[in-house]
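One file, protein30.txt, carrying compact mmCIF, C-alpha atoms:
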```
# COMPACT_ATOMS: atom_id res chain seq x y z
CA VAL D 1 -105.61 8.83 -17.09
CA GLN D 2 -103.80 5.77 -18.38
CA LEU D 3 -104.18 4.31 -21.84
CA GLN D 4 -102.86 0.89 -22.76
CA ALA D 5 -102.85 0.00 -26.44
CA SER D 6 -102.35 -3.48 -27.80
CA GLY D 7 -103.09 -5.67 -30.80
CA GLY D 8 -100.47 -4.62 -33.29
CA GLY D 9 -98.63 -7.10 -35.44
CA LEU D 10 -97.53 -8.15 -38.89
CA VAL D 11 -100.25 -8.80 -41.46
CA GLN D 12 -100.49 -9.09 -45.21
CA ALA D 13 -102.28 -6.62 -47.45
CA GLY D 14 -105.98 -7.37 -47.43
CA ASP D 15 -105.93 -8.86 -43.94
CA SER D 16 -107.67 -7.59 -40.82
CA LEU D 17 -106.43 -6.62 -37.39
CA ARG D 18 -108.09 -5.26 -34.27
CA LEU D 19 -106.40 -2.85 -31.90
CA SER D 20 -107.52 -2.36 -28.32
CA CYS D 21 -107.03 0.51 -25.94
CA VAL D 22 -107.86 0.02 -22.27
CA ALA D 23 -108.55 3.34 -20.56
CA SER D 24 -108.34 3.80 -16.80
CA GLY D 25 -107.96 6.42 -14.13
CA ARG D 26 -111.33 8.13 -14.36
CA THR D 27 -114.72 7.95 -15.96
CA PHE D 28 -114.68 9.01 -19.56
CA SER D 29 -118.11 10.48 -19.91
CA GLY D 30 -117.67 13.58 -22.03
CA TYR D 31 -114.32 12.46 -23.36
CA ARG D 32 -113.36 11.71 -26.91
CA LEU D 33 -111.13 8.68 -27.40
CA GLY D 34 -109.13 8.34 -30.56
CA TRP D 35 -106.48 6.59 -32.59
CA PHE D 36 -103.55 8.24 -34.28
CA ARG D 37 -100.75 6.71 -36.30
CA GLN D 38 -97.21 7.59 -37.18
CA ALA D 39 -95.60 6.05 -40.20
CA PRO D 40 -91.80 5.81 -40.42
CA GLY D 41 -90.30 9.22 -41.04
CA LYS D 42 -93.66 10.97 -40.93
CA GLU D 43 -95.70 13.00 -38.49
CA ARG D 44 -98.32 11.52 -36.23
CA LYS D 45 -101.74 11.82 -37.80
CA PHE D 46 -105.33 11.40 -36.74
CA VAL D 47 -107.07 8.19 -37.78
CA SER D 48 -110.40 7.94 -35.97
CA SER D 49 -112.21 8.92 -32.81
CA ILE D 50 -115.32 8.18 -30.82
CA TRP D 51 -117.18 10.28 -28.32
CA TRP D 52 -117.52 8.15 -25.22
CA SER D 53 -121.00 9.26 -24.22
CA SER D 54 -122.74 9.55 -27.58
CA GLY D 55 -120.80 7.01 -29.59
CA TYR D 56 -120.40 9.49 -32.44
CA THR D 57 -117.46 8.55 -34.64
CA ASP D 58 -115.28 10.16 -37.24
CA TYR D 59 -112.52 8.95 -39.55
CA VAL D 60 -109.80 10.25 -41.79
CA ASP D 61 -110.82 9.79 -45.40
CA SER D 62 -108.13 7.20 -46.14
CA VAL D 63 -109.64 4.66 -43.73
CA LYS D 64 -113.35 5.28 -44.23
CA GLY D 65 -115.13 2.08 -45.14
CA ARG D 66 -112.20 -0.05 -43.95
CA PHE D 67 -111.70 0.86 -40.29
CA THR D 68 -114.31 0.87 -37.55
CA ILE D 69 -113.89 2.39 -34.12
CA SER D 70 -116.04 1.22 -31.23
CA ARG D 71 -116.09 1.21 -27.48
CA ASP D 72 -117.10 -1.16 -24.73
CA SER D 73 -118.11 0.94 -21.76
CA ALA D 74 -118.18 -2.02 -19.39
CA LYS D 75 -114.55 -2.79 -20.19
CA ASN D 76 -113.44 0.82 -20.61
CA THR D 77 -111.95 -0.22 -23.90
CA VAL D 78 -111.85 1.34 -27.34
CA TYR D 79 -111.28 -0.81 -30.38
CA LEU D 80 -110.09 -0.11 -33.88
CA GLN D 81 -111.11 -2.82 -36.31
CA MET D 82 -108.98 -2.57 -39.41
CA ASN D 83 -110.08 -4.44 -42.52
CA SER D 84 -108.75 -4.57 -46.08
CA MET D 85 -105.46 -3.34 -44.81
CA LYS D 86 -102.99 -1.68 -47.11
CA PHE D 87 -99.24 -1.24 -47.08
CA ASP D 88 -99.79 2.45 -46.31
CA ASP D 89 -101.49 1.49 -43.04
CA THR D 90 -98.08 0.50 -41.70
CA ALA D 91 -97.39 2.69 -38.67
CA VAL D 92 -97.17 2.87 -34.93
CA TYR D 93 -100.71 3.34 -33.69
CA TYR D 94 -101.44 5.38 -30.58
CA CYS D 95 -104.61 5.77 -28.61
CA ALA D 96 -105.37 9.10 -27.03
CA ALA D 97 -107.99 10.82 -24.93
CA GLN D 98 -109.38 14.32 -25.22
CA PRO D 99 -111.45 15.84 -22.41
CA THR D 100 -114.37 18.08 -23.16
CA GLN D 101 -113.10 21.43 -24.47
CA GLY D 102 -109.55 20.19 -24.16
CA ALA D 103 -106.78 18.96 -26.37
CA TRP D 104 -105.49 15.44 -26.90
CA ASP D 105 -103.91 15.50 -23.48
CA TYR D 106 -103.47 11.81 -22.76
CA TRP D 107 -101.57 9.27 -24.80
CA GLY D 108 -100.90 5.59 -24.58
CA GLN D 109 -97.81 3.83 -25.74
CA GLY D 110 -97.82 2.87 -29.38
CA THR D 111 -98.47 -0.48 -30.94
CA LEU D 112 -96.73 -1.32 -34.18
CA VAL D 113 -98.75 -2.42 -37.18
CA THR D 114 -96.86 -3.66 -40.20
CA VAL D 115 -98.63 -4.51 -43.44
CA SER D 116 -96.64 -6.45 -45.99
CA SER D 117 -97.52 -5.95 -49.64
```
Can the structure in the file be given as structure tokens, please?
Amino acid sequence: VQLQASGGGLVQAGDSLRLSCVASGRTFSGYRLGWFRQAPGKERKFVSSIWWSSGYTDYVDSVKGRFTISRDSAKNTVYLQMNSMKFDDTAVYYCAAQPTQGAWDYWGQGTLVTVSS
């Protein structure tokens, strides 16, 4: 499984940004694809995920109503649309994949998101 994240950049507070994660190496039926982030000096934390087959999504409370995760099965890509961004959203964002009954076993490289206040 390979995961390629992209889309990071420098934005101002209140702006929007969309991250993409291209997944390859297998079919992802039954997998859960997610986004995590790691702010400077802090631990990596869960942000959002989507079950590939059902499309069910979940979010950490701090991004609910601002971030939207989605997937394009034809492109094997997961997106994270980030709106109304805040300074605290500044972090390296990672996409990850979790097989059924497994852990977050697969990780992509990070993409840096910087929000200026």
Shell of 7 Å around range 33-48 of chain D, all atoms listed in the file, local chain residues under 4 positions omitted, as a ChimeraX atom specification: /D:52,58-60,69,90-98
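CA of Leu112 in chain D sits 13.4 Å away from CA of Met82 in chain D.
The closest residue to Trp107 in chain D, picked from D:Leu10, D:Met85, D:Leu3, D:Val63 and counting all atoms listed in the file, is D:Leu3.
Here CA of Arg32 in chain D is placed at a distance of 29.7 Å from CA of Ala13 in chain D.
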Neighbour list for Ser29 in chain D as a PyMOL selection string, cut-off 10 Å, all atoms listed in the file, skip fewer than 5 positions in-chain: chain D and resi 51-54+73+99-100
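Candidate residues D:Thr114, D:Asp88, D:Tyr106, D:Tyr56 were compared for distance to Gly25 in chain D, and the nearest is D:Tyr106, using only C-alpha atoms.
Distance annotation: of D:Leu19, D:Ala103, D:Val115, D:Val11, the residue with the minimal separation from Lys86 in chain D is D:Val115; atom set is only C-alpha atoms.
Across D:Val78, D:Val113, D:Val1, D:Ala23, the tightest approach to Gly55 in chain D is made by D:Val78 when counting all atoms listed in the file.
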Kindly provide, as JSON, the centre and edge lengths (Å, one decimal) of an axis-aligned box around all atoms of range 92-95 of chain D given in the file, with 5 Å on each side.
```
{"center_x": -100.9, "center_y": 4.3, "center_z": -31.8, "size_x": 17.4, "size_y": 12.9, "size_z": 16.3}
```
Two-atom distance - CA of Gly110 in chain D, CA of Asp61 in chain D (Å): 21.8 Å
Selected residue, from D:Gly8, D:Tyr79, D:Ile50, D:Thr57, that lies nearest to Phe28 in chain D when counting all atoms listed in the file: D:Ile50
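Distances from D:Gly9, D:Gln4, D:Ser84, D:Arg66 to Cys21 in chain D were compared using all atoms listed in the file, and the smallest one belongs to D:Gln4.
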